[in-house]
>>> print(open('my_file.pdb').read())   # PDB, C-alpha atoms and all ligand atoms
ATOM      1  CA  MET A   1     108.645  63.545  69.190
ATOM      2  CA  LYS A   2     111.021  60.842  67.988
ATOM      3  CA  PRO A   3     110.931  60.784  64.180
ATOM      4  CA  ILE A   4     108.804  58.048  62.645
ATOM      5  CA  ARG A   5     110.554  56.100  59.905
ATOM      6  CA  ASN A   6     109.233  52.572  59.849
ATOM      7  CA  ILE A   7     105.582  51.981  59.017
ATOM      8  CA  ALA A   8     103.569  48.762  59.193
ATOM      9  CA  VAL A   9     100.178  48.201  57.594
ATOM     10  CA  LEU A  10      97.786  45.624  59.052
ATOM     11  CA  VAL A  11      95.183  44.171  56.700
ATOM     12  CA  SER A  12      92.531  41.476  56.401
ATOM     13  CA  GLY A  13      91.152  41.858  52.893
ATOM     14  CA  ASN A  14      91.382  43.601  49.562
ATOM     15  CA  GLY A  15      94.028  46.112  50.551
ATOM     16  CA  SER A  16      93.030  49.041  48.367
ATOM     17  CA  ASN A  17      94.051  51.374  51.190
ATOM     18  CA  LEU A  18      97.354  49.528  51.516
ATOM     19  CA  GLN A  19      97.829  50.132  47.790
ATOM     20  CA  ALA A  20      97.129  53.863  48.150
ATOM     21  CA  ILE A  21      99.560  54.090  51.076
ATOM     22  CA  LEU A  22     102.398  52.124  49.501
ATOM     23  CA  GLU A  23     102.229  54.250  46.362
ATOM     24  CA  GLN A  24     103.132  57.279  48.474
ATOM     25  CA  HIS A  25     105.120  55.969  51.433
ATOM     26  CA  PRO A  26     107.743  53.297  52.044
ATOM     27  CA  ILE A  27     106.198  50.458  54.074
ATOM     28  CA  SER A  28     108.452  48.192  56.146
ATOM     29  CA  VAL A  29     106.077  45.302  56.702
ATOM     30  CA  VAL A  30     102.515  44.142  56.004
ATOM     31  CA  ILE A  31     100.714  41.841  58.425
ATOM     32  CA  SER A  32      97.472  40.001  57.683
ATOM     33  CA  ASP A  33      95.278  37.853  59.902
ATOM     34  CA  GLN A  34      93.817  36.237  56.753
ATOM     35  CA  PRO A  35      96.044  34.011  54.600
ATOM     36  CA  GLU A  36      93.840  34.615  51.536
ATOM     37  CA  ALA A  37      93.836  38.423  51.772
ATOM     38  CA  PHE A  38      94.437  40.009  48.355
ATOM     39  CA  ALA A  39      96.393  42.675  50.230
ATOM     40  CA  LEU A  40      99.196  40.095  50.667
ATOM     41  CA  GLN A  41      99.579  39.858  46.893
ATOM     42  CA  ARG A  42      99.742  43.647  46.651
ATOM     43  CA  ALA A  43     102.501  43.684  49.289
ATOM     44  CA  THR A  44     104.491  40.945  47.586
ATOM     45  CA  LYS A  45     104.163  42.670  44.212
ATOM     46  CA  ALA A  46     105.512  45.858  45.781
ATOM     47  CA  GLY A  47     108.415  43.936  47.351
ATOM     48  CA  ILE A  48     107.232  44.507  50.919
ATOM     49  CA  PRO A  49     107.771  41.708  53.457
ATOM     50  CA  ALA A  50     104.361  40.276  54.364
ATOM     51  CA  PHE A  51     103.409  37.913  57.192
ATOM     52  CA  VAL A  52     100.251  36.085  58.225
ATOM     53  CA  PHE A  53      99.170  35.594  61.831
ATOM     54  CA  GLU A  54      95.941  33.633  62.143
ATOM     55  CA  ARG A  55      94.066  34.042  65.399
ATOM     56  CA  LYS A  56      93.080  30.347  65.365
ATOM     57  CA  ASN A  57      96.748  29.341  65.709
ATOM     58  CA  PHE A  58      97.006  31.086  69.093
ATOM     59  CA  SER A  59      95.365  30.126  72.380
ATOM     60  CA  SER A  60      94.483  33.705  73.365
ATOM     61  CA  ARG A  61      94.222  37.208  71.958
ATOM     62  CA  THR A  62      97.189  38.108  74.158
ATOM     63  CA  SER A  63      99.490  35.497  72.601
ATOM     64  CA  PHE A  64      98.180  36.352  69.101
ATOM     65  CA  GLU A  65      98.951  40.042  69.610
ATOM     66  CA  ALA A  66     102.282  39.288  71.323
ATOM     67  CA  ALA A  67     103.420  37.450  68.187
ATOM     68  CA  ILE A  68     102.418  40.435  66.044
ATOM     69  CA  VAL A  69     104.190  42.831  68.439
ATOM     70  CA  ALA A  70     107.367  40.742  68.176
ATOM     71  CA  LYS A  71     107.254  40.894  64.372
ATOM     72  CA  LEU A  72     106.640  44.650  64.451
ATOM     73  CA  GLN A  73     109.513  45.176  66.891
ATOM     74  CA  GLU A  74     111.785  43.031  64.740
ATOM     75  CA  HIS A  75     111.112  45.546  61.940
ATOM     76  CA  GLN A  76     111.538  48.509  64.316
ATOM     77  CA  ILE A  77     108.053  49.749  63.517
ATOM     78  CA  GLU A  78     107.102  53.191  64.786
ATOM     79  CA  LEU A  79     103.673  53.660  63.180
ATOM     80  CA  ILE A  80     100.967  51.053  62.621
ATOM     81  CA  CYS A  81      98.250  51.728  60.049
ATOM     82  CA  LEU A  82      95.177  49.521  60.230
ATOM     83  CA  ALA A  83      93.755  49.268  56.721
ATOM     84  CA  GLY A  84      90.748  46.996  56.719
ATOM     85  CA  PHE A  85      92.172  44.938  59.623
ATOM     86  CA  MET A  86      88.991  43.321  60.913
ATOM     87  CA  ARG A  87      89.921  42.926  64.583
ATOM     88  CA  ILE A  88      89.561  44.990  67.704
ATOM     89  CA  ILE A  89      93.015  45.940  68.957
ATOM     90  CA  GLY A  90      93.715  44.696  72.473
ATOM     91  CA  LYS A  91      95.871  45.857  75.327
ATOM     92  CA  THR A  92      98.961  43.938  74.216
ATOM     93  CA  LEU A  93      99.241  45.873  70.951
ATOM     94  CA  LEU A  94      98.019  49.176  72.380
ATOM     95  CA  ASP A  95     100.502  49.093  75.271
ATOM     96  CA  ALA A  96     103.397  48.214  72.956
ATOM     97  CA  PHE A  97     102.585  51.117  70.589
ATOM     98  CA  PRO A  98     100.929  53.916  72.571
ATOM     99  CA  LYS A  99      99.567  56.669  70.282
ATOM    100  CA  ARG A 100     101.142  54.917  67.329
ATOM    101  CA  ILE A 101      98.208  52.953  65.891
ATOM    102  CA  ILE A 102      95.845  54.622  63.415
ATOM    103  CA  ASN A 103      92.797  53.332  61.554
ATOM    104  CA  ILE A 104      90.538  54.309  58.674
ATOM    105  CA  HIS A 105      86.793  53.825  58.866
ATOM    106  CA  PRO A 106      84.188  54.439  56.136
ATOM    107  CA  SER A 107      81.917  56.855  57.996
ATOM    108  CA  LEU A 108      82.040  60.263  59.599
ATOM    109  CA  LEU A 109      82.755  58.977  63.108
ATOM    110  CA  PRO A 110      81.305  59.024  65.704
ATOM    111  CA  ALA A 111      78.409  58.190  63.353
ATOM    112  CA  PHE A 112      78.117  54.589  62.197
ATOM    113  CA  PRO A 113      80.973  52.645  63.797
ATOM    114  CA  GLY A 114      81.163  48.913  63.121
ATOM    115  CA  LEU A 115      80.483  46.784  60.085
ATOM    116  CA  ASP A 116      78.784  47.925  56.868
ATOM    117  CA  ALA A 117      79.134  51.583  57.793
ATOM    118  CA  VAL A 118      78.161  52.870  54.344
ATOM    119  CA  GLN A 119      75.008  50.723  54.346
ATOM    120  CA  GLN A 120      74.267  51.963  57.862
ATOM    121  CA  ALA A 121      74.487  55.575  56.648
ATOM    122  CA  LEU A 122      72.206  54.875  53.674
ATOM    123  CA  SER A 123      69.668  53.029  55.833
ATOM    124  CA  ALA A 124      69.605  56.010  58.195
ATOM    125  CA  GLY A 125      68.839  58.305  55.252
ATOM    126  CA  ALA A 126      72.068  60.296  55.616
ATOM    127  CA  THR A 127      72.576  62.980  52.961
ATOM    128  CA  HIS A 128      76.309  62.983  53.645
ATOM    129  CA  THR A 129      78.753  60.351  54.739
ATOM    130  CA  GLY A 130      82.500  59.944  54.353
ATOM    131  CA  CYS A 131      85.527  58.507  56.047
ATOM    132  CA  THR A 132      87.610  59.086  59.145
ATOM    133  CA  VAL A 133      91.231  58.463  60.070
ATOM    134  CA  HIS A 134      91.586  58.202  63.836
ATOM    135  CA  LEU A 135      93.986  57.177  66.554
ATOM    136  CA  VAL A 136      93.063  53.711  67.825
ATOM    137  CA  ASP A 137      91.987  53.024  71.390
ATOM    138  CA  GLU A 138      90.485  49.966  73.055
ATOM    139  CA  LEU A 139      87.028  50.558  71.544
ATOM    140  CA  MET A 140      86.010  49.723  67.987
ATOM    141  CA  ASP A 141      86.184  52.627  65.487
ATOM    142  CA  HIS A 142      86.813  55.017  68.356
ATOM    143  CA  GLY A 143      89.565  57.411  69.391
ATOM    144  CA  PRO A 144      90.757  60.937  68.562
ATOM    145  CA  ILE A 145      89.947  61.965  64.992
ATOM    146  CA  LEU A 146      92.922  62.967  62.816
ATOM    147  CA  MET A 147      91.165  63.713  59.500
ATOM    148  CA  GLN A 148      87.771  63.297  57.842
ATOM    149  CA  ALA A 149      86.471  63.665  54.303
ATOM    150  CA  GLN A 150      82.821  64.053  53.359
ATOM    151  CA  VAL A 151      80.952  62.698  50.371
ATOM    152  CA  LYS A 152      77.446  63.661  49.326
ATOM    153  CA  VAL A 153      74.730  61.042  49.028
ATOM    154  CA  GLU A 154      72.536  61.882  46.024
ATOM    155  CA  PRO A 155      69.041  60.430  45.552
ATOM    156  CA  SER A 156      70.351  58.545  42.499
ATOM    157  CA  ASP A 157      73.195  56.919  44.449
ATOM    158  CA  THR A 158      73.379  53.189  45.134
ATOM    159  CA  LEU A 159      75.370  51.364  47.800
ATOM    160  CA  ALA A 160      78.022  50.644  45.157
ATOM    161  CA  SER A 161      78.270  54.245  44.004
ATOM    162  CA  VAL A 162      78.567  55.604  47.546
ATOM    163  CA  LEU A 163      81.140  52.947  48.437
ATOM    164  CA  GLU A 164      83.153  54.034  45.416
ATOM    165  CA  LYS A 165      83.034  57.696  46.444
ATOM    166  CA  VAL A 166      83.989  56.847  50.029
ATOM    167  CA  HIS A 167      86.882  54.655  48.908
ATOM    168  CA  ARG A 168      88.171  57.405  46.652
ATOM    169  CA  GLU A 169      88.297  59.734  49.654
ATOM    170  CA  GLU A 170      89.878  57.043  51.838
ATOM    171  CA  HIS A 171      92.661  56.586  49.329
ATOM    172  CA  ARG A 172      93.248  60.334  49.334
ATOM    173  CA  ILE A 173      93.208  61.079  53.067
ATOM    174  CA  TYR A 174      94.963  58.004  54.501
ATOM    175  CA  PRO A 175      98.285  58.697  52.724
ATOM    176  CA  GLN A 176      97.793  62.393  53.542
ATOM    177  CA  VAL A 177      97.452  61.734  57.269
ATOM    178  CA  ILE A 178     100.602  59.610  57.154
ATOM    179  CA  ALA A 179     102.445  62.403  55.325
ATOM    180  CA  GLU A 180     101.350  64.875  57.998
ATOM    181  CA  ILE A 181     102.479  62.537  60.790
ATOM    182  CA  LEU A 182     105.863  62.072  59.109
ATOM    183  CA  SER A 183     106.302  65.814  58.548
ATOM    184  CA  GLY A 184     105.293  66.648  62.115
ATOM    185  CA  LYS A 185     102.169  68.589  61.114
ATOM    186  CA  ILE A 186     100.135  66.004  63.019
ATOM    187  CA  ARG A 187     101.794  65.391  66.391
ATOM    188  CA  LEU A 188     100.476  62.122  67.746
ATOM    189  CA  ASP A 189     102.181  62.603  71.123
ATOM    190  CA  GLU A 190     100.246  65.805  71.731
ATOM    191  CA  ILE A 191      96.848  64.266  71.134
ATOM    192  CA  ALA A 192      94.979  63.762  74.404
TER     193      ALA A 192
HETATM  194  C1  LIG A 201      87.851  50.345  54.100
HETATM  195  O1  LIG A 201      86.589  50.815  53.730
HETATM  196  C2  LIG A 201      88.230  50.840  55.469
HETATM  197  O2  LIG A 201      87.683  52.063  55.784
HETATM  198  C3  LIG A 201      87.638  49.779  56.365
HETATM  199  O3  LIG A 201      87.801  48.580  55.679
HETATM  200  C4  LIG A 201      87.863  48.831  54.275
HETATM  201  C5  LIG A 201      89.126  48.204  53.771
HETATM  202  O4  LIG A 201      89.218  48.226  52.378
HETATM  203  N1  LIG A 201      88.272  49.819  57.675
HETATM  204  P1  LIG A 201      90.604  47.826  51.686
HETATM  205  O5  LIG A 201      90.975  46.426  52.192
HETATM  206  O6  LIG A 201      91.618  48.849  52.067
HETATM  207  O7  LIG A 201      90.302  47.814  50.219
END
>>> encode(input="my_file.pdb", output="structure tokens")
Amino acid sequence: MKPIRNIAVLVSGNGSNLQAILEQHPISVVISDQPEAFALQRATKAGIPAFVFERKNFSSRTSFEAAIVAKLQEHQIELICLAGFMRIIGKTLLDAFPKRIINIHPSLLPAFPGLDAVQQALSAGATHTGCTVHLVDELMDHGPILMQAQVKVEPSDTLASVLEKVHREEHRIYPQVIAEILSGKIRLDEIA
């Protein structure tokens, strides 16, 4: 596998996962689809080039993604980390970066894909939940699983307390997965 050097992180919001990643790995570029995302301030503070692409400024998802692909190629990106990027990835991005887009989701996939995954787990009465880093495919919160971490849901827990536990695990495993991809312990090309 060709060595991966240049990493991009795609965000839409707070960017706490971006923060965890950039504290452990050099990031070449941050891209947001939301101009107000706090993640952009984190990137700027860390001296990372950051760009905004708003879907409403493009006539189609294809042209929106093509603009993002061009920016990623300009920065010679070899790994794309979705970190709270609130969009389904389409064919244009997937075809440009096959087996090179990963995502983190706050549940033990395949359980509870989609929005409000921690609330979904609590509403279902789950005694455990957690987070998953996976390779991205054309479906939402779907694709081969690279790493998971579990957290226990105690009777005394609230949504806020479980969210905090899940985030803590996210911030631990996302940089770890990236480290294992960079070291060759996780071989993306060999994942079916
Ligand atoms: C995280 O819970 C992540 O799993 C999900 O979106 C949230 C992003 O949080 N995909 P942040 O922007 O990294 O703080």
>>> closest_residue(input="my_file.pdb", among="A:Val69, A:Leu115, A:Ser107, A:Pro49", to="Asp95 in chain A", atoms="all atoms listed in the file")
A:Val69
>>> axis_aligned_box(input="my_file.pdb", around="ligand LIG 201 (chain A)", padding_each_side="5 Å", output="JSON")
{"center_x": 89.1, "center_y": 49.2, "center_z": 53.9, "size_x": 15.0, "size_y": 15.6, "size_z": 17.5}
>>> residues_around(input="my_file.pdb", residues="range 16-27 of chain A", least_positions_apart="3", cutoff="10 Å", atoms="only C-alpha atoms", output="PyMOL selection string")
chain A and resi 5-11+13+30+38-40+42-43+46-49+77+79+81-84+104+167-168+170-176+178-179+182
>>> resolve_selection(input="my_file.pdb", expression="the PyMOL selection byres (((chain A and resi 127-130) around 9) and not hetatm)", output="PyMOL selection string")
chain A and resi 105-109+111+118+121-122+125-126+131-132+148-155+162+165-167+169-170
>>> atom_distance(input="my_file.pdb", atom1="CA of Ser63 in chain A", atom2="CA of Leu93 in chain A")
10.5 Å
>>> closest_residue(input="my_file.pdb", among="A:Glu65, A:Asp137, A:Glu164, A:Asp189", to="ligand LIG 201 (chain A)", atoms="only C-alpha atoms and all ligand atoms")
A:Glu164
>>> atom_distance(input="my_file.pdb", atom1="CA of Asp116 in chain A", atom2="CA of Ile80 in chain A")
23.1 Å
>>> closest_residue(input="my_file.pdb", among="A:Asp141, A:Glu36, A:Glu78, A:Glu190", to="ligand LIG 201 (chain A)", atoms="only C-alpha atoms and all ligand atoms")
A:Asp141
>>> atom_distance(input="my_file.pdb", atom1="CA of Ser60 in chain A", atom2="CA of Gly90 in chain A")
11.1 Å
>>> residues_around(input="my_file.pdb", residues="Leu188 in chain A", least_positions_apart="3", cutoff="8 Å", atoms="all atoms listed in the file", output="PyMOL selection string")
chain A and resi 99-100+181+191
>>> write_last_selection(input="my_file.pdb", atoms="C-alpha atoms", output="short mmCIF file (atom, residue, chain, number, x, y, z; two decimals), keeping the file's coordinate frame")
data_model
loop_
_atom_site.label_atom_id
_atom_site.label_comp_id
_atom_site.auth_asym_id
_atom_site.auth_seq_id
_atom_site.Cartn_x
_atom_site.Cartn_y
_atom_site.Cartn_z
CA LYS A 99 99.57 56.67 70.28
CA ARG A 100 101.14 54.92 67.33
CA ILE A 181 102.48 62.54 60.79
CA ILE A 191 96.85 64.27 71.13
#
>>> resolve_selection(input="my_file.pdb", expression="the PyMOL selection byres (((chain A and resi 54) around 8) and not hetatm)", output="PyMOL selection string")
chain A and resi 32-35+52-53+55-58+64
>>> closest_residue(input="my_file.pdb", among="A:Ile4, A:Leu163, A:Leu139, A:Ala96", to="ligand LIG 201 (chain A)", atoms="all atoms listed in the file")
A:Leu163
>>> closest_residue(input="my_file.pdb", among="A:His134, A:Ala50, A:Gln76, A:Ile68", to="ligand LIG 201 (chain A)", atoms="all atoms listed in the file")
A:His134
>>> build_atoms(input="my_file.pdb", residues="range 69-92 of chain A", atoms="N, CA, C and O atoms", output="CSV table (one decimal), keeping the file's coordinate frame")
chain,number,residue,atom,x,y,z
A,69,VAL,N,103.3,41.8,67.9
A,69,VAL,CA,104.2,42.8,68.4
A,69,VAL,C,105.7,42.4,68.2
A,69,VAL,O,106.5,43.3,67.8
A,70,ALA,N,106.0,41.2,68.4
A,70,ALA,CA,107.4,40.7,68.2
A,70,ALA,C,107.8,41.0,66.7
A,70,ALA,O,108.9,41.5,66.5
A,71,LYS,N,106.9,40.7,65.8
A,71,LYS,CA,107.3,40.9,64.4
A,71,LYS,C,107.4,42.4,64.1
A,71,LYS,O,108.4,42.8,63.4
A,72,LEU,N,106.6,43.2,64.7
A,72,LEU,CA,106.6,44.6,64.5
A,72,LEU,C,107.9,45.2,65.1
A,72,LEU,O,108.6,46.1,64.5
A,73,GLN,N,108.3,44.7,66.2
A,73,GLN,CA,109.5,45.2,66.9
A,73,GLN,C,110.7,44.7,66.1
A,73,GLN,O,111.7,45.5,66.0
A,74,GLU,N,110.7,43.5,65.6
A,74,GLU,CA,111.8,43.0,64.7
A,74,GLU,C,112.0,44.0,63.6
A,74,GLU,O,113.2,44.2,63.2
A,75,HIS,N,111.0,44.6,63.1
A,75,HIS,CA,111.1,45.5,61.9
A,75,HIS,C,111.2,47.0,62.4
A,75,HIS,O,111.1,47.9,61.6
A,76,GLN,N,111.4,47.2,63.7
A,76,GLN,CA,111.5,48.5,64.3
A,76,GLN,C,110.4,49.5,63.9
A,76,GLN,O,110.7,50.6,63.5
A,77,ILE,N,109.2,49.0,64.0
A,77,ILE,CA,108.1,49.7,63.5
A,77,ILE,C,107.7,50.9,64.5
A,77,ILE,O,107.7,50.7,65.7
A,78,GLU,N,107.4,52.0,64.0
A,78,GLU,CA,107.1,53.2,64.8
A,78,GLU,C,105.7,53.7,64.5
A,78,GLU,O,105.2,54.6,65.3
A,79,LEU,N,105.1,53.3,63.5
A,79,LEU,CA,103.7,53.7,63.2
A,79,LEU,C,103.0,52.5,62.6
A,79,LEU,O,103.5,51.8,61.6
A,80,ILE,N,101.8,52.2,63.1
A,80,ILE,CA,101.0,51.1,62.6
A,80,ILE,C,99.7,51.6,62.0
A,80,ILE,O,98.9,52.3,62.7
A,81,CYS,N,99.5,51.3,60.7
A,81,CYS,CA,98.2,51.7,60.0
A,81,CYS,C,97.3,50.5,59.8
A,81,CYS,O,97.7,49.6,59.1
A,82,LEU,N,96.2,50.6,60.5
A,82,LEU,CA,95.2,49.5,60.2
A,82,LEU,C,94.4,49.9,58.9
A,82,LEU,O,94.0,51.0,58.8
A,83,ALA,N,94.4,49.0,58.0
A,83,ALA,CA,93.8,49.3,56.7
A,83,ALA,C,92.9,48.1,56.4
A,83,ALA,O,93.3,47.2,55.7
A,84,GLY,N,91.6,48.1,56.9
A,84,GLY,CA,90.7,47.0,56.7
A,84,GLY,C,91.2,45.8,57.5
A,84,GLY,O,90.9,44.7,57.2
A,85,PHE,N,91.8,46.0,58.7
A,85,PHE,CA,92.2,44.9,59.6
A,85,PHE,C,91.0,44.7,60.5
A,85,PHE,O,90.6,45.6,61.3
A,86,MET,N,90.3,43.5,60.3
A,86,MET,CA,89.0,43.3,60.9
A,86,MET,C,89.0,42.8,62.3
A,86,MET,O,88.4,41.8,62.6
A,87,ARG,N,89.8,43.4,63.2
A,87,ARG,CA,89.9,42.9,64.6
A,87,ARG,C,90.0,44.1,65.5
A,87,ARG,O,90.6,45.1,65.2
A,88,ILE,N,89.4,44.0,66.7
A,88,ILE,CA,89.6,45.0,67.7
A,88,ILE,C,91.0,44.8,68.3
A,88,ILE,O,91.4,43.7,68.6
A,89,ILE,N,91.6,46.0,68.5
A,89,ILE,CA,93.0,45.9,69.0
A,89,ILE,C,93.0,45.9,70.5
A,89,ILE,O,92.3,46.6,71.1
A,90,GLY,N,93.7,44.9,71.0
A,90,GLY,CA,93.7,44.7,72.5
A,90,GLY,C,94.9,45.4,73.2
A,90,GLY,O,95.7,46.1,72.5
A,91,LYS,N,94.9,45.2,74.5
A,91,LYS,CA,95.9,45.9,75.3
A,91,LYS,C,97.3,45.6,75.0
A,91,LYS,O,98.2,46.4,75.0
A,92,THR,N,97.6,44.3,74.5
A,92,THR,CA,99.0,43.9,74.2
A,92,THR,C,99.5,44.8,73.1
A,92,THR,O,100.7,45.3,73.2
